[in-house]
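Notes follow once the structure below has been shown.
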Amino acid sequence: MTGARRSATLMSVTTTSEQAVRLHDVRRVYGSKGATVNALDGVSIDFGVGTFTAVMGPSGSGKSTLLQCAAGLDRPTSGDVFIGTTRLNDLSETKLTLLRRQKIGFVFQQFNLLPSLTAELNVALPLMLAGRRPKRSETRGVLASLGLGERTKHRPSEMSGGQQQRVAIARALITKPEVLFADEPTGALDSTTGREILVLLRSVVDKHGQTVIMVTHDPVAASFADRVVFLSDGRLAGELQNPTPQAVAERMTLLEVASIGTTK
Ligand SMILES: Nc1ncnc2c1ncn2[C@@H]1O[C@H](COP(=O)(O)OP(=O)(O)OP(=O)(O)O)[C@@H](O)[C@H]1O
């Protein structure tokens with residue numbers, strides 16, 4: 001692409017303040033000559049400020065790769081990623097790390113808490129990494145707001161899976177991120193506990209106006225979102241607004257069948 005054409009393209013994808021995250025023609029190729037995988041194959045999508053989006057698709061369709069590229073944890077092979085109005089492609093590793101610390105929270109399926117630290121210290125960690133000395137009232141306040149006021153001194157091994165995931169969410173929210181990314185946040189939890197976590201994620205959007213982008217395999221979990229976007233073979237394969245579990249499950253069945261058909 002010529003410089004002029006590239007500038008024109010970039011002008012046309014300049015983000016507005018209503019978009020929390022924007023991907024434009026993002027490709028992510030893994031491997032090298034002879035053995036490459038197009039994990040993302042030209043994905044363009046916007047995530048509006050204060051919205052809750054679920055990302056679904058068959059295994060290997062590129063969901064985690066999408067999340068990692070959108071969160072600046074992985075760099076696309078080509079294409080543009082914006083967080084707010086900042087284009088991530090232009091940032092050095094140091095600036096990207098700073099932006100992630102300021103604007104992004106990430107929650108994982110396996111919680112990823114530090115086992116030797118109390119709940120309170122796990123939550124304080126992002127502030128300490130940013131060079132701040134966290135106030136006890138700050139970390140305890142976030143833990144209390146997530147129903148963990150009595151657990152501040154407990155270590156991860158002394159808490160249930162649901163409590164550990166709530167600590168992980170408290171840790172992600174302590175920096176007041178604009179966007180919270182969650183990769184299978186209920187995957188390791190029973191359905192009742194998982195539902196509590198989803199209610200919590202919903203309130204992050206409804207009460208605080210933050211943006212949540214969540215990968216899930218579970219149609220019930222996806223129904224907590226405002227929108228579900230589907231991926232298949234690294235490409236967008238449609239979306240559902242105001243999804244019901246039934247509508248999501250039907251769409252997933254069609255995609256799974258199509259994906260089995262193409263791998264035979
Ligand atoms: N680091 C990597 N090196 C090589 N290939 C990779 C790497 N990460 C992912 N892939 C491949 O890229 C494709 C997309 O992977 P990704 O993990 O994004 O899919 P997914 O939809 O999240 O899958 P799942 O639902 O099974 O977690 C898959 O074919 C996967 O094998």
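Chains: A, B, ... in order of the structure tokens. Residues: from 1 per chain. Ligands: from 1, in order shown.
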
Per residue of chain A within 8 Å of ligand 1, which atom pair is closest and at what distance in Å (one decimal), using only C-alpha atoms and all ligand atoms, listed by chain and increasing number, as a tab-separated table?
residue	atom	partner	partner_atom_place_in_ligand_line	distance
A:Val29	CA	ligand 1	12 (O)	7.8
A:Tyr30	CA	ligand 1	4 (C)	4.7
A:Gly31	CA	ligand 1	4 (C)	5.7
A:Thr36	CA	ligand 1	5 (N)	7.8
A:Val37	CA	ligand 1	12 (O)	5.9
A:Asn38	CA	ligand 1	12 (O)	6.6
A:Ala39	CA	ligand 1	12 (O)	4.0
A:Leu40	CA	ligand 1	14 (C)	7.2
A:Met56	CA	ligand 1	21 (O)	7.6
A:Gly57	CA	ligand 1	21 (O)	6.1
A:Pro58	CA	ligand 1	25 (O)	6.0
A:Ser59	CA	ligand 1	25 (O)	3.6
A:Gly60	CA	ligand 1	19 (O)	3.5
A:Ser61	CA	ligand 1	21 (O)	3.9
A:Gly62	CA	ligand 1	18 (O)	3.3
A:Lys63	CA	ligand 1	21 (O)	3.9
A:Ser64	CA	ligand 1	22 (O)	3.7
A:Thr65	CA	ligand 1	18 (O)	3.7
A:Leu66	CA	ligand 1	18 (O)	6.5
A:Val215	CA	ligand 1	22 (O)	7.8
A:His217	CA	ligand 1	25 (O)	7.2
A:Leu231	CA	ligand 1	21 (O)	7.6
A:Asp233	CA	ligand 1	14 (C)	7.8
A:Gly234	CA	ligand 1	14 (C)	6.9

Convert the current residue selection to file output with N, CA and C atoms, as a short mmCIF file (atom, residue, chain, number, x, y, z; two decimals), in the first residue's frame.
data_model
loop_
_atom_site.label_atom_id
_atom_site.label_comp_id
_atom_site.auth_asym_id
_atom_site.auth_seq_id
_atom_site.Cartn_x
_atom_site.Cartn_y
_atom_site.Cartn_z
N VAL A 29 -1.08 -13.60 11.91
CA VAL A 29 -0.60 -14.86 11.34
C VAL A 29 0.42 -15.44 12.31
N TYR A 30 0.22 -16.70 12.69
CA TYR A 30 1.19 -17.41 13.53
C TYR A 30 2.03 -18.32 12.64
N GLY A 31 3.25 -18.60 13.09
CA GLY A 31 4.12 -19.53 12.36
C GLY A 31 4.88 -18.82 11.27
N THR A 36 1.80 -21.78 8.38
CA THR A 36 1.22 -20.58 8.99
C THR A 36 -0.26 -20.80 9.31
N VAL A 37 -0.72 -20.10 10.33
CA VAL A 37 -2.15 -20.13 10.71
C VAL A 37 -2.65 -18.70 10.70
N ASN A 38 -3.75 -18.46 9.96
CA ASN A 38 -4.38 -17.14 9.98
C ASN A 38 -5.36 -17.08 11.15
N ALA A 39 -4.84 -16.78 12.34
CA ALA A 39 -5.71 -16.77 13.52
C ALA A 39 -6.76 -15.68 13.42
N LEU A 40 -6.39 -14.52 12.87
CA LEU A 40 -7.36 -13.45 12.54
C LEU A 40 -7.10 -13.09 11.08
N MET A 56 -17.85 -15.07 20.56
CA MET A 56 -18.04 -16.53 20.53
C MET A 56 -17.58 -17.09 19.19
N GLY A 57 -17.43 -18.40 19.15
CA GLY A 57 -17.05 -19.07 17.91
C GLY A 57 -16.50 -20.44 18.24
N PRO A 58 -16.40 -21.31 17.25
CA PRO A 58 -15.86 -22.65 17.49
C PRO A 58 -14.42 -22.58 18.01
N SER A 59 -13.97 -23.69 18.58
CA SER A 59 -12.59 -23.76 19.06
C SER A 59 -11.61 -23.45 17.92
N GLY A 60 -10.64 -22.59 18.21
CA GLY A 60 -9.64 -22.25 17.19
C GLY A 60 -10.10 -21.17 16.22
N SER A 61 -11.26 -20.55 16.47
CA SER A 61 -11.77 -19.55 15.52
C SER A 61 -11.10 -18.19 15.67
N GLY A 62 -10.31 -18.01 16.74
CA GLY A 62 -9.56 -16.76 16.88
C GLY A 62 -10.01 -15.85 18.00
N LYS A 63 -10.86 -16.35 18.89
CA LYS A 63 -11.44 -15.50 19.95
C LYS A 63 -10.36 -14.93 20.88
N SER A 64 -9.49 -15.82 21.39
CA SER A 64 -8.46 -15.33 22.32
C SER A 64 -7.48 -14.40 21.61
N THR A 65 -7.18 -14.73 20.35
CA THR A 65 -6.27 -13.87 19.59
C THR A 65 -6.88 -12.48 19.42
N LEU A 66 -8.18 -12.43 19.14
CA LEU A 66 -8.88 -11.14 19.01
C LEU A 66 -8.74 -10.34 20.30
N VAL A 215 -14.76 -13.16 26.08
CA VAL A 215 -14.82 -14.40 25.31
C VAL A 215 -15.52 -15.45 26.15
N HIS A 217 -17.66 -19.60 25.85
CA HIS A 217 -18.23 -20.69 25.07
C HIS A 217 -19.68 -20.92 25.47
N LEU A 231 -17.14 -15.48 15.60
CA LEU A 231 -15.97 -15.65 14.74
C LEU A 231 -15.97 -17.06 14.17
N ASP A 233 -13.08 -19.31 11.70
CA ASP A 233 -11.84 -19.32 10.92
C ASP A 233 -11.17 -17.95 10.85
N GLY A 234 -11.18 -17.24 11.96
CA GLY A 234 -10.49 -15.95 12.02
C GLY A 234 -11.23 -14.79 11.38
#

Excluding Ala182 in chain A and residues on its chain fewer than 5 positions from it, collect all residues at most 6 Å away from it, counting only C-alpha atoms, and give them as a VMD selection string. chain A and resid 106 to 108 214

Within 7 Å of Leu173 in chain A, counting only C-alpha atoms, which residues show up once you throw out same-chain ones fewer than 4 positions away? Write them as a short mmCIF file (atom, residue, chain, number, x, y, z; two decimals) with N, CA and C atoms, in the first residue's frame, please.
data_model
loop_
_atom_site.label_atom_id
_atom_site.label_comp_id
_atom_site.auth_asym_id
_atom_site.auth_seq_id
_atom_site.Cartn_x
_atom_site.Cartn_y
_atom_site.Cartn_z
N GLY A 105 -8.21 -3.46 31.85
CA GLY A 105 -8.17 -4.51 32.86
C GLY A 105 -8.34 -5.84 32.15
N ILE A 169 -11.28 -9.69 39.52
CA ILE A 169 -12.02 -8.56 38.93
C ILE A 169 -11.70 -7.27 39.70
N PRO A 177 -10.19 1.08 34.81
CA PRO A 177 -9.90 0.97 33.37
C PRO A 177 -11.11 1.35 32.54
#

Secondary structure check, strand (DSSP E) residues of range 27-246 of chain A, as a PDB file with C-alpha atoms, in the first residue's frame:
ATOM      1  CA  ARG A  27      -4.711  -9.967  10.648  1.00  0.00           C
ATOM      2  CA  ARG A  28      -2.665 -12.158  12.950  1.00  0.00           C
ATOM      3  CA  VAL A  29      -0.602 -14.858  11.342  1.00  0.00           C
ATOM      4  CA  TYR A  30       1.195 -17.405  13.527  1.00  0.00           C
ATOM      5  CA  VAL A  37      -2.148 -20.134  10.714  1.00  0.00           C
ATOM      6  CA  ASN A  38      -4.377 -17.136   9.979  1.00  0.00           C
ATOM      7  CA  ALA A  39      -5.706 -16.772  13.523  1.00  0.00           C
ATOM      8  CA  LEU A  40      -7.356 -13.453  12.535  1.00  0.00           C
ATOM      9  CA  ASP A  41      -8.030 -12.896   8.870  1.00  0.00           C
ATOM     10  CA  GLY A  42      -9.079  -9.283   8.274  1.00  0.00           C
ATOM     11  CA  VAL A  43     -11.297  -8.442  11.242  1.00  0.00           C
ATOM     12  CA  SER A  44     -12.887  -4.969  11.456  1.00  0.00           C
ATOM     13  CA  ILE A  45     -15.090  -4.286  14.467  1.00  0.00           C
ATOM     14  CA  ASP A  46     -15.998  -1.498  16.913  1.00  0.00           C
ATOM     15  CA  PHE A  47     -16.810  -1.785  20.604  1.00  0.00           C
ATOM     16  CA  GLY A  48     -18.816   1.206  21.843  1.00  0.00           C
ATOM     17  CA  PHE A  52     -20.925  -5.349  26.987  1.00  0.00           C
ATOM     18  CA  THR A  53     -19.920  -7.615  24.084  1.00  0.00           C
ATOM     19  CA  ALA A  54     -19.481 -11.385  24.113  1.00  0.00           C
ATOM     20  CA  VAL A  55     -17.151 -12.976  21.552  1.00  0.00           C
ATOM     21  CA  MET A  56     -18.038 -16.527  20.528  1.00  0.00           C
ATOM     22  CA  SER A  78      -1.226  -6.094   9.973  1.00  0.00           C
ATOM     23  CA  GLY A  79      -4.184  -3.786  10.515  1.00  0.00           C
ATOM     24  CA  ASP A  80      -4.968  -1.144  13.104  1.00  0.00           C
ATOM     25  CA  VAL A  81      -6.088  -1.353  16.729  1.00  0.00           C
ATOM     26  CA  PHE A  82      -7.344   1.684  18.642  1.00  0.00           C
ATOM     27  CA  ILE A  83      -8.069   2.030  22.349  1.00  0.00           C
ATOM     28  CA  THR A  86      -4.960   6.002  20.582  1.00  0.00           C
ATOM     29  CA  ARG A  87      -3.636   3.839  17.763  1.00  0.00           C
ATOM     30  CA  ILE A 104      -7.227  -1.787  30.392  1.00  0.00           C
ATOM     31  CA  GLY A 105      -8.168  -4.512  32.857  1.00  0.00           C
ATOM     32  CA  PHE A 106      -7.851  -8.215  32.044  1.00  0.00           C
ATOM     33  CA  VAL A 107      -9.572 -11.152  33.721  1.00  0.00           C
ATOM     34  CA  PHE A 108      -8.623 -14.762  32.926  1.00  0.00           C
ATOM     35  CA  VAL A 179     -12.122  -1.406  29.053  1.00  0.00           C
ATOM     36  CA  LEU A 180     -12.296  -4.724  30.877  1.00  0.00           C
ATOM     37  CA  PHE A 181     -11.328  -7.772  28.804  1.00  0.00           C
ATOM     38  CA  ALA A 182     -12.388 -11.166  30.122  1.00  0.00           C
ATOM     39  CA  ASP A 183     -11.268 -14.474  28.587  1.00  0.00           C
ATOM     40  CA  THR A 211     -16.775  -1.318  28.469  1.00  0.00           C
ATOM     41  CA  VAL A 212     -16.615  -5.103  28.802  1.00  0.00           C
ATOM     42  CA  ILE A 213     -15.441  -7.494  26.081  1.00  0.00           C
ATOM     43  CA  MET A 214     -15.723 -11.147  27.049  1.00  0.00           C
ATOM     44  CA  VAL A 215     -14.817 -14.396  25.308  1.00  0.00           C
ATOM     45  CA  ARG A 227     -24.274  -8.038  21.729  1.00  0.00           C
ATOM     46  CA  VAL A 228     -22.635 -11.276  20.694  1.00  0.00           C
ATOM     47  CA  VAL A 229     -20.129 -11.288  17.834  1.00  0.00           C
ATOM     48  CA  PHE A 230     -19.304 -14.611  16.215  1.00  0.00           C
ATOM     49  CA  LEU A 231     -15.965 -15.655  14.742  1.00  0.00           C
ATOM     50  CA  SER A 232     -15.279 -18.501  12.364  1.00  0.00           C
ATOM     51  CA  ARG A 235     -13.266 -13.964  10.347  1.00  0.00           C
ATOM     52  CA  LEU A 236     -16.395 -12.285  11.646  1.00  0.00           C
ATOM     53  CA  ALA A 237     -19.409 -14.520  11.116  1.00  0.00           C
ATOM     54  CA  GLY A 238     -22.299 -12.296  12.182  1.00  0.00           C
ATOM     55  CA  GLU A 239     -23.629 -10.858  15.408  1.00  0.00           C
ATOM     56  CA  LEU A 240     -26.720 -10.848  17.618  1.00  0.00           C
ATOM     57  CA  GLN A 241     -28.098  -7.842  19.514  1.00  0.00           C
TER      58      GLN A 241
END

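If only C-alpha atoms are the atoms counted, then among A:Pro126, A:Gly147, A:Gly209, A:Gly72 the closest residue to Arg166 in chain A is A:Gly147.
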
Identify which of the residues A:Leu88, A:Leu148, A:Val167, A:Leu98 lies closest to Asn122 in chain A, counting only C-alpha atoms when measuring atom-to-atom distances. A:Val167

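Compared by their closest atoms to Thr97 in chain A, and using only C-alpha atoms, the residues A:Leu198, A:Leu117, A:Leu73, A:Val123 rank with A:Leu73 nearest.
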
Alpha helix (DSSP H) residues, from DSSP on the backbone, in range 114-221 of chain A, as a ChimeraX atom specification: /A:119-129,136-145,161-173,191-206,219-221

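Distances from A:Glu150, A:Asp206, A:Glu120, A:Asp218 to Val49 in chain A were compared using only C-alpha atoms, and the smallest one belongs to A:Asp206.
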